[in-house]
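Visitor: So I've got this file, upload-v3.cif, and it contains mmCIF, C-alpha atoms, pLDDT in the B column; chains and numbers go by the auth columns:
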```
data_upload
#
loop_
_atom_site.group_PDB
_atom_site.id
_atom_site.type_symbol
_atom_site.label_atom_id
_atom_site.label_comp_id
_atom_site.label_asym_id
_atom_site.label_seq_id
_atom_site.Cartn_x
_atom_site.Cartn_y
_atom_site.Cartn_z
_atom_site.B_iso_or_equiv
_atom_site.auth_seq_id
_atom_site.auth_asym_id
ATOM 1 C CA MET A 1 -2.111 2.467 1.016 97.00 1 F
ATOM 2 C CA LYS A 2 -4.363 2.448 -2.052 98.00 2 F
ATOM 3 C CA VAL A 3 -8.135 2.147 -1.613 99.00 3 F
ATOM 4 C CA LYS A 4 -10.661 0.643 -4.006 99.00 4 F
ATOM 5 C CA ILE A 5 -14.367 0.991 -3.247 99.00 5 F
ATOM 6 C CA CYS A 6 -15.960 -1.936 -5.057 97.00 6 F
ATOM 7 C CA GLY A 7 -19.524 -2.873 -5.917 97.00 7 F
ATOM 8 C CA ILE A 8 -20.599 0.538 -7.202 98.00 8 F
ATOM 9 C CA THR A 9 -24.192 0.169 -8.450 98.00 9 F
ATOM 10 C CA ASN A 10 -25.309 3.702 -9.291 98.00 10 F
ATOM 11 C CA ALA A 11 -23.985 7.109 -10.330 98.00 11 F
ATOM 12 C CA GLU A 12 -24.876 8.817 -7.049 98.00 12 F
ATOM 13 C CA ASP A 13 -22.762 6.350 -5.058 99.00 13 F
ATOM 14 C CA ALA A 14 -19.930 6.679 -7.570 99.00 14 F
ATOM 15 C CA TRP A 15 -19.901 10.476 -7.246 98.00 15 F
ATOM 16 C CA MET A 16 -20.204 10.344 -3.468 99.00 16 F
ATOM 17 C CA CYS A 17 -17.341 7.839 -3.187 99.00 17 F
ATOM 18 C CA GLU A 18 -15.216 9.837 -5.633 99.00 18 F
ATOM 19 C CA SER A 19 -15.657 12.940 -3.456 98.00 19 F
ATOM 20 C CA PHE A 20 -13.654 11.181 -0.705 99.00 20 F
ATOM 21 C CA ASP A 21 -10.706 10.528 -3.084 98.00 21 F
ATOM 22 C CA PRO A 22 -10.411 6.751 -3.334 99.00 22 F
ATOM 23 C CA ASP A 23 -7.767 5.479 -5.729 99.00 23 F
ATOM 24 C CA ALA A 24 -10.257 3.302 -7.612 99.00 24 F
ATOM 25 C CA LEU A 25 -13.917 2.400 -7.960 99.00 25 F
ATOM 26 C CA GLY A 26 -14.928 -1.169 -8.803 98.00 26 F
ATOM 27 C CA PHE A 27 -17.842 -2.219 -10.993 98.00 27 F
ATOM 28 C CA VAL A 28 -19.045 -5.829 -10.952 97.00 28 F
ATOM 29 C CA HIS A 29 -20.183 -7.577 -14.123 97.00 29 F
ATOM 30 C CA TYR A 30 -20.473 -11.040 -12.688 89.00 30 F
ATOM 31 C CA PRO A 31 -23.565 -13.247 -13.108 80.00 31 F
ATOM 32 C CA LEU A 32 -25.753 -13.809 -10.060 82.00 32 F
ATOM 33 C CA LYS A 33 -23.918 -11.276 -7.850 85.00 33 F
ATOM 34 C CA ALA A 34 -26.006 -8.734 -5.931 88.00 34 F
ATOM 35 C CA ARG A 35 -23.988 -5.744 -7.184 95.00 35 F
ATOM 36 C CA SER A 36 -23.676 -6.875 -10.811 96.00 36 F
ATOM 37 C CA LEU A 37 -24.405 -4.328 -13.541 98.00 37 F
ATOM 38 C CA PRO A 38 -24.761 -4.558 -17.323 98.00 38 F
ATOM 39 C CA LEU A 39 -21.719 -3.220 -19.188 98.00 39 F
ATOM 40 C CA GLU A 40 -23.779 -0.327 -20.606 98.00 40 F
ATOM 41 C CA ASN A 41 -24.659 0.862 -17.081 98.00 41 F
ATOM 42 C CA ILE A 42 -21.020 0.609 -16.053 99.00 42 F
ATOM 43 C CA ARG A 43 -20.036 2.722 -19.066 99.00 43 F
ATOM 44 C CA ASP A 44 -22.686 5.332 -18.242 99.00 44 F
ATOM 45 C CA ILE A 45 -21.483 5.623 -14.648 99.00 45 F
ATOM 46 C CA SER A 46 -17.743 5.360 -15.309 98.00 46 F
ATOM 47 C CA SER A 47 -17.925 8.062 -17.986 98.00 47 F
ATOM 48 C CA THR A 48 -18.908 10.557 -15.272 98.00 48 F
ATOM 49 C CA ILE A 49 -15.933 9.754 -13.028 98.00 49 F
ATOM 50 C CA GLY A 50 -12.891 12.028 -13.190 97.00 50 F
ATOM 51 C CA PRO A 51 -9.553 10.933 -14.666 96.00 51 F
ATOM 52 C CA PHE A 52 -7.762 10.699 -11.306 97.00 52 F
ATOM 53 C CA THR A 53 -9.948 7.818 -10.084 98.00 53 F
ATOM 54 C CA LYS A 54 -9.257 4.446 -11.730 99.00 54 F
ATOM 55 C CA LYS A 55 -12.274 2.454 -12.864 99.00 55 F
ATOM 56 C CA VAL A 56 -11.975 -1.322 -12.395 99.00 56 F
ATOM 57 C CA LEU A 57 -14.147 -3.981 -14.050 99.00 57 F
ATOM 58 C CA VAL A 58 -14.596 -7.112 -11.907 97.00 58 F
ATOM 59 C CA CYS A 59 -15.717 -9.918 -14.210 96.00 59 F
ATOM 60 C CA LEU A 60 -15.465 -13.513 -15.409 94.00 60 F
ATOM 61 C CA PRO A 61 -14.898 -13.295 -19.174 96.00 61 F
ATOM 62 C CA GLY A 62 -14.823 -16.497 -21.190 93.00 62 F
ATOM 63 C CA ASN A 63 -11.615 -15.716 -23.069 97.00 63 F
ATOM 64 C CA VAL A 64 -9.054 -12.992 -23.765 97.00 64 F
ATOM 65 C CA ASP A 65 -10.972 -11.440 -26.669 98.00 65 F
ATOM 66 C CA VAL A 66 -14.113 -11.192 -24.542 98.00 66 F
ATOM 67 C CA ALA A 67 -12.101 -9.662 -21.686 98.00 67 F
ATOM 68 C CA VAL A 68 -10.653 -6.941 -23.921 98.00 68 F
ATOM 69 C CA LYS A 69 -14.075 -6.194 -25.445 98.00 69 F
ATOM 70 C CA MET A 70 -15.681 -6.009 -21.985 98.00 70 F
ATOM 71 C CA VAL A 71 -13.119 -3.415 -20.869 99.00 71 F
ATOM 72 C CA GLU A 72 -13.782 -1.383 -24.011 98.00 72 F
ATOM 73 C CA ASP A 73 -17.580 -1.696 -23.697 98.00 73 F
ATOM 74 C CA ALA A 74 -17.541 -0.736 -20.003 99.00 74 F
ATOM 75 C CA GLY A 75 -15.207 2.222 -20.532 98.00 75 F
ATOM 76 C CA VAL A 76 -12.959 1.263 -17.620 99.00 76 F
ATOM 77 C CA ASP A 77 -9.209 1.442 -17.001 98.00 77 F
ATOM 78 C CA VAL A 78 -8.377 -1.871 -15.303 99.00 78 F
ATOM 79 C CA ILE A 79 -9.721 -5.440 -15.288 99.00 79 F
ATOM 80 C CA GLN A 80 -9.880 -7.666 -12.199 98.00 80 F
ATOM 81 C CA LEU A 81 -9.874 -11.380 -12.981 97.00 81 F
ATOM 82 C CA TYR A 82 -10.536 -14.510 -10.944 92.00 82 F
ATOM 83 C CA THR A 83 -9.503 -16.857 -13.744 89.00 83 F
ATOM 84 C CA PHE A 84 -7.014 -16.778 -16.645 93.00 84 F
ATOM 85 C CA CYS A 85 -3.507 -18.151 -16.782 94.00 85 F
ATOM 86 C CA ARG A 86 -0.246 -16.235 -17.034 95.00 86 F
ATOM 87 C CA SER A 87 -0.088 -16.207 -20.860 97.00 87 F
ATOM 88 C CA GLU A 88 -3.687 -14.956 -21.131 97.00 88 F
ATOM 89 C CA ILE A 89 -2.919 -12.106 -18.731 97.00 89 F
ATOM 90 C CA GLU A 90 0.178 -11.242 -20.778 98.00 90 F
ATOM 91 C CA THR A 91 -2.031 -11.025 -23.889 98.00 91 F
ATOM 92 C CA ILE A 92 -4.520 -8.708 -22.142 98.00 92 F
ATOM 93 C CA LYS A 93 -1.678 -6.523 -20.887 98.00 93 F
ATOM 94 C CA ALA A 94 -0.230 -6.345 -24.412 98.00 94 F
ATOM 95 C CA CYS A 95 -3.493 -4.574 -25.342 98.00 95 F
ATOM 96 C CA GLY A 96 -2.620 -1.865 -22.804 98.00 96 F
ATOM 97 C CA ILE A 97 -5.019 -3.057 -20.100 99.00 97 F
ATOM 98 C CA PRO A 98 -3.713 -3.297 -16.514 99.00 98 F
ATOM 99 C CA VAL A 99 -4.721 -6.525 -14.735 98.00 99 F
ATOM 100 C CA ILE A 100 -5.480 -7.271 -11.094 98.00 100 F
ATOM 101 C CA ARG A 101 -5.462 -11.053 -10.583 97.00 101 F
ATOM 102 C CA ALA A 102 -7.294 -12.575 -7.633 94.00 102 F
ATOM 103 C CA VAL A 103 -5.293 -15.393 -6.033 91.00 103 F
ATOM 104 C CA LYS A 104 -5.442 -17.690 -3.048 85.00 104 F
ATOM 105 C CA PRO A 105 -2.760 -17.185 -0.383 82.00 105 F
ATOM 106 C CA VAL A 106 -0.788 -20.165 -1.711 80.00 106 F
ATOM 107 C CA GLU A 107 2.845 -19.621 -2.707 79.00 107 F
ATOM 108 C CA ARG A 108 2.590 -21.651 -5.938 84.00 108 F
ATOM 109 C CA GLU A 109 -0.364 -19.598 -7.213 85.00 109 F
ATOM 110 C CA ILE A 110 1.244 -16.319 -6.151 89.00 110 F
ATOM 111 C CA GLN A 111 4.467 -17.124 -7.985 89.00 111 F
ATOM 112 C CA GLU A 112 2.534 -17.930 -11.171 91.00 112 F
ATOM 113 C CA PHE A 113 1.233 -14.352 -11.380 94.00 113 F
ATOM 114 C CA VAL A 114 3.962 -12.244 -9.749 91.00 114 F
ATOM 115 C CA GLY A 115 5.624 -10.164 -12.433 91.00 115 F
ATOM 116 C CA VAL A 116 2.765 -10.486 -14.919 95.00 116 F
ATOM 117 C CA ALA A 117 -0.298 -9.128 -13.081 96.00 117 F
ATOM 118 C CA ASP A 118 -0.109 -5.472 -12.063 97.00 118 F
ATOM 119 C CA ALA A 119 -1.349 -6.415 -8.588 97.00 119 F
ATOM 120 C CA LEU A 120 -2.510 -9.547 -6.772 96.00 120 F
ATOM 121 C CA LEU A 121 -5.800 -9.487 -4.873 95.00 121 F
ATOM 122 C CA PHE A 122 -6.312 -11.744 -1.865 92.00 122 F
ATOM 123 C CA ASP A 123 -10.094 -12.028 -1.523 84.00 123 F
ATOM 124 C CA GLY A 124 -12.328 -13.730 1.004 72.00 124 F
ATOM 125 C CA PRO A 125 -13.752 -17.230 0.616 62.00 125 F
ATOM 126 C CA VAL A 126 -16.858 -15.926 -1.221 60.00 126 F
ATOM 127 C CA PRO A 127 -16.072 -12.654 -3.059 61.00 127 F
ATOM 128 C CA GLY A 128 -18.649 -9.932 -2.435 59.00 128 F
ATOM 129 C CA SER A 129 -20.246 -11.742 0.504 55.00 129 F
ATOM 130 C CA GLY A 130 -18.652 -9.755 3.305 60.00 130 F
ATOM 131 C CA LEU A 131 -17.088 -12.922 4.724 59.00 131 F
ATOM 132 C CA SER A 132 -13.648 -12.252 6.144 67.00 132 F
ATOM 133 C CA HIS A 133 -10.642 -14.527 6.442 69.00 133 F
ATOM 134 C CA ASP A 134 -7.386 -14.677 8.391 78.00 134 F
ATOM 135 C CA TYR A 135 -5.585 -11.701 6.875 82.00 135 F
ATOM 136 C CA THR A 136 -2.385 -12.535 8.777 82.00 136 F
ATOM 137 C CA LYS A 137 -1.957 -15.682 6.637 83.00 137 F
ATOM 138 C CA ILE A 138 -1.629 -13.620 3.461 85.00 138 F
ATOM 139 C CA PRO A 139 2.010 -13.718 2.295 82.00 139 F
ATOM 140 C CA ILE A 140 2.282 -9.973 1.618 83.00 140 F
ATOM 141 C CA LYS A 141 6.051 -10.127 1.169 81.00 141 F
ATOM 142 C CA SER A 142 5.679 -12.578 -1.740 79.00 142 F
ATOM 143 C CA CYS A 143 4.409 -9.845 -4.034 84.00 143 F
ATOM 144 C CA HIS A 144 5.150 -6.134 -4.179 80.00 144 F
ATOM 145 C CA LYS A 145 1.545 -5.091 -4.938 94.00 145 F
ATOM 146 C CA ALA A 146 -0.768 -7.105 -2.679 95.00 146 F
ATOM 147 C CA ILE A 147 -4.363 -5.959 -2.320 96.00 147 F
ATOM 148 C CA ILE A 148 -6.391 -7.320 0.590 95.00 148 F
ATOM 149 C CA ALA A 149 -10.148 -7.832 0.216 94.00 149 F
ATOM 150 C CA GLY A 150 -12.855 -9.933 1.788 91.00 150 F
ATOM 151 C CA GLY A 151 -14.939 -8.786 4.723 90.00 151 F
ATOM 152 C CA LEU A 152 -13.047 -5.560 5.366 95.00 152 F
ATOM 153 C CA THR A 153 -14.732 -3.185 7.817 96.00 153 F
ATOM 154 C CA LEU A 154 -13.739 -0.325 10.081 97.00 154 F
ATOM 155 C CA GLU A 155 -13.521 -2.908 12.887 96.00 155 F
ATOM 156 C CA ASN A 156 -10.782 -5.027 11.265 94.00 156 F
ATOM 157 C CA LEU A 157 -9.015 -2.341 9.231 96.00 157 F
ATOM 158 C CA ASP A 158 -6.196 -1.859 11.763 95.00 158 F
ATOM 159 C CA ILE A 159 -5.220 -5.543 11.486 93.00 159 F
ATOM 160 C CA VAL A 160 -4.974 -5.185 7.708 94.00 160 F
ATOM 161 C CA LYS A 161 -3.108 -1.853 7.845 96.00 161 F
ATOM 162 C CA ALA A 162 -0.479 -3.425 10.111 94.00 162 F
ATOM 163 C CA LEU A 163 0.338 -5.871 7.288 94.00 163 F
ATOM 164 C CA LYS A 164 1.225 -2.913 5.028 95.00 164 F
ATOM 165 C CA PRO A 165 -0.411 -4.114 1.816 96.00 165 F
ATOM 166 C CA TYR A 166 -0.202 -2.099 -1.386 97.00 166 F
ATOM 167 C CA GLY A 167 -3.965 -1.623 -1.169 98.00 167 F
ATOM 168 C CA VAL A 168 -7.339 -2.648 0.192 98.00 168 F
ATOM 169 C CA ASP A 169 -10.600 -3.400 -1.588 97.00 169 F
ATOM 170 C CA VAL A 170 -13.874 -2.872 0.289 97.00 170 F
ATOM 171 C CA SER A 171 -17.494 -3.346 -0.738 96.00 171 F
ATOM 172 C CA SER A 172 -20.016 -4.526 1.864 94.00 172 F
ATOM 173 C CA GLY A 173 -17.931 -3.013 4.682 96.00 173 F
ATOM 174 C CA VAL A 174 -18.978 0.484 3.562 98.00 174 F
ATOM 175 C CA GLU A 175 -22.663 -0.359 3.059 97.00 175 F
ATOM 176 C CA ARG A 176 -25.651 -0.331 5.401 94.00 176 F
ATOM 177 C CA THR A 177 -27.817 -2.097 2.787 95.00 177 F
ATOM 178 C CA ILE A 178 -26.623 -4.302 -0.080 93.00 178 F
ATOM 179 C CA GLY A 179 -25.508 -2.260 -3.068 94.00 179 F
ATOM 180 C CA LYS A 180 -25.875 1.164 -1.415 97.00 180 F
ATOM 181 C CA LYS A 181 -22.695 2.835 -0.157 98.00 181 F
ATOM 182 C CA ASP A 182 -22.915 4.821 3.074 99.00 182 F
ATOM 183 C CA PRO A 183 -21.178 8.240 2.996 99.00 183 F
ATOM 184 C CA GLN A 184 -20.074 8.092 6.647 99.00 184 F
ATOM 185 C CA LEU A 185 -18.608 4.599 6.308 99.00 185 F
ATOM 186 C CA VAL A 186 -16.890 5.423 2.998 99.00 186 F
ATOM 187 C CA SER A 187 -15.442 8.657 4.362 99.00 187 F
ATOM 188 C CA GLU A 188 -14.144 7.093 7.570 99.00 188 F
ATOM 189 C CA PHE A 189 -12.765 3.998 5.812 99.00 189 F
ATOM 190 C CA ILE A 190 -10.776 6.084 3.324 99.00 190 F
ATOM 191 C CA ARG A 191 -9.622 8.535 6.011 98.00 191 F
ATOM 192 C CA ARG A 192 -8.278 5.715 8.185 98.00 192 F
ATOM 193 C CA CYS A 193 -6.596 3.999 5.241 98.00 193 F
ATOM 194 C CA LYS A 194 -4.803 7.185 4.262 96.00 194 F
ATOM 195 C CA SER A 195 -3.757 8.232 7.802 93.00 195 F
#
```
Once you've parsed the file, please lay out its structure as structure tokens.
Guide:
Amino acid sequence: MKVKICGITNAEDAWMCESFDPDALGFVHYPLKARSLPLENIRDISSTIGPFTKKVLVCLPGNVDVAVKMVEDAGVDVIQLYTFCRSEIETIKACGIPVIRAVKPVEREIQEFVGVADALLFDGPVPGSGLSHDYTKIPIKSCHKAIIAGGLTLENLDIVKALKPYGVDVSSGVERTIGKKDPQLVSEFIRRCKS
């Protein structure tokens, strides 16, 4: 199971998280979110991360051109989107940028993005809030690369692992204070995901 540690806010946390071998680190550029960073800061941090850890930009760009420019400006590998239709995602992918598309666990929405997005992310009701949802209602079998997010913690990780998703995405569940990752929680979360 792949692991993304999201909401990285500083270089020290990025390096610490990277030392535990996650598959990806997520950087938020999303107005009014507690863990949001300017693109320049994301570039500064992501440029220090090794090539074996994917860097993901979580954002709400206004259009395809802005999305592509944001990826370039942030110096990341992947973009995670909460908006954009199928044709817009195809255009972004044609620029060589992998796309994670957040979706609701509704078959119609899933089918719209299966086969175009590189992975589908099933997030909680308020992304980045730590609020969980009923993970068992996520139709994992509807897409071959389902990522579960939203309120993940060490306490509910076994429920999610039993669903056998492609990956998990955690932010507040590995923090003791908002925006500051805890080495013990990060280490244990990744260890349990990979075991």
Visitor: Go through F:Ile49, F:Ile97, F:Ile138, F:Ile110 and flag the residue nearest F:Lys69, using only C-alpha atoms for the distances.
Guide: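 Ranking F:Ile49, F:Ile97, F:Ile138, F:Ile110 by distance to F:Lys69, first place goes to F:Ile97.
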Visitor: Smallest atom-to-atom distance to F:Lys180: which of F:Cys193, F:Ala24, F:Val66, F:Cys6, using all atoms listed in the file?
Guide: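 For F:Lys180, the nearest of the candidates is F:Cys6.
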Visitor: What do you get, as a VMD selection string, if you spell out every residue that the PyMOL selection byres ((chain F and resi 5) around 8) selects here?
Guide: chain F and resid 3 to 4 6 to 8 17 22 24 to 26 169 to 171
Visitor: How many Å separate atom CA of F:Cys85 from atom CA of F:Val168?
Guide: 23.3 Å
Visitor: Please expand the PyMOL selection byres ((chain F and resi 67) around 10) into the concrete residues it hits in this file, giving the result as JSON, numbers by chain.
Guide: {"F": [57, 59, 60, 61, 62, 63, 64, 65, 66, 68, 69, 70, 71, 72, 73, 79, 80, 81, 88, 89, 92, 97]}
Visitor: Could you tell me how far atom CA of F:Asp77 sits from atom CA of F:Leu157, in Å to one decimal place?
Guide: 26.5 Å
Visitor: I need every residue sitting at most 12 Å from the point (-25.1, 5.3, -9.1) (coordinates as in the file, only C-alpha atoms considered), written as an mmCIF file with C-alpha atoms, keeping the file's coordinate frame.
Guide:
```
data_model
loop_
_atom_site.group_PDB
_atom_site.id
_atom_site.type_symbol
_atom_site.label_atom_id
_atom_site.label_comp_id
_atom_site.auth_asym_id
_atom_site.auth_seq_id
_atom_site.Cartn_x
_atom_site.Cartn_y
_atom_site.Cartn_z
ATOM 1 C CA GLY F 7 -19.524 -2.873 -5.917
ATOM 2 C CA ILE F 8 -20.599 0.538 -7.202
ATOM 3 C CA THR F 9 -24.192 0.169 -8.450
ATOM 4 C CA ASN F 10 -25.309 3.702 -9.291
ATOM 5 C CA ALA F 11 -23.985 7.109 -10.330
ATOM 6 C CA GLU F 12 -24.876 8.817 -7.049
ATOM 7 C CA ASP F 13 -22.762 6.350 -5.058
ATOM 8 C CA ALA F 14 -19.930 6.679 -7.570
ATOM 9 C CA TRP F 15 -19.901 10.476 -7.246
ATOM 10 C CA MET F 16 -20.204 10.344 -3.468
ATOM 11 C CA CYS F 17 -17.341 7.839 -3.187
ATOM 12 C CA GLU F 18 -15.216 9.837 -5.633
ATOM 13 C CA LEU F 25 -13.917 2.400 -7.960
ATOM 14 C CA PHE F 27 -17.842 -2.219 -10.993
ATOM 15 C CA ARG F 35 -23.988 -5.744 -7.184
ATOM 16 C CA LEU F 37 -24.405 -4.328 -13.541
ATOM 17 C CA ASN F 41 -24.659 0.862 -17.081
ATOM 18 C CA ILE F 42 -21.020 0.609 -16.053
ATOM 19 C CA ARG F 43 -20.036 2.722 -19.066
ATOM 20 C CA ASP F 44 -22.686 5.332 -18.242
ATOM 21 C CA ILE F 45 -21.483 5.623 -14.648
ATOM 22 C CA SER F 46 -17.743 5.360 -15.309
ATOM 23 C CA SER F 47 -17.925 8.062 -17.986
ATOM 24 C CA THR F 48 -18.908 10.557 -15.272
ATOM 25 C CA ILE F 49 -15.933 9.754 -13.028
ATOM 26 C CA GLY F 179 -25.508 -2.260 -3.068
ATOM 27 C CA LYS F 180 -25.875 1.164 -1.415
ATOM 28 C CA LYS F 181 -22.695 2.835 -0.157
#
```
Visitor: What's around F:Val160 at 8 Å? Count only C-alpha atoms, leave out sequence neighbours fewer than 6 positions away in its own chain, and write the answer as a list in words.
Guide: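 Contacts, in chain order: Tyr135, Thr136 and Ile148 of chain F.
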Visitor: Report the distance between atom CA of F:Ile147 and atom CA of F:Leu121 in Å, rounded to one decimal place.
Guide: 4.6 Å
Visitor: Taking the point (-4.9, -16.5, 0.2) as given in the file, collect each protein or nucleic acid residue that comes within 6 Å of it, counting only C-alpha atoms, and present the set as a list in words.
Guide: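 Those residues, ordered by chain and then number, are Lys104, Pro105, Val106, Phe122 and Ile138 of chain F.
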Visitor: Care to translate the PyMOL selection byres ((chain F and resi 90) around 12) into actual residues of this file, as a list in words?
Guide: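 After applying the PyMOL selection byres ((chain F and resi 90) around 12), what remains is Val64, Phe84, Cys85, Arg86, Ser87, Glu88, Ile89, Thr91, Ile92, Lys93, Ala94, Cys95, Gly96, Ile97, Pro98, Val99, Ile100, Arg101, Glu112, Phe113, Val114, Gly115, Val116, Ala117 and Asp118 of chain F.
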Visitor: For F:Lys137, which residue out of F:Leu163, F:Ile190, F:Leu152, F:Leu185 is the nearest one, using all atoms listed in the file?
Guide: F:Leu163
Visitor: Nearest to F:Ala74: which of F:Lys164, F:Lys55, F:Lys33, F:Lys141 is it, counting all atoms listed in the file?
Guide: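 For F:Ala74, the nearest of the given residues is F:Lys55.
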Visitor: Looking at all atoms listed in the file, which of F:Val174, F:Ser19, F:Pro31, F:Gly167 is the one that sits closest to F:His144?
Guide: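 That would be F:Gly167, the residue with the smallest distance to F:His144.
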Visitor: Rank nothing, just name the residue among F:Gly151, F:Val76, F:Lys2, F:Arg192 nearest to F:Ala119, using only C-alpha atoms.
Guide: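 Smallest separation from F:Ala119 among the options: F:Lys2.
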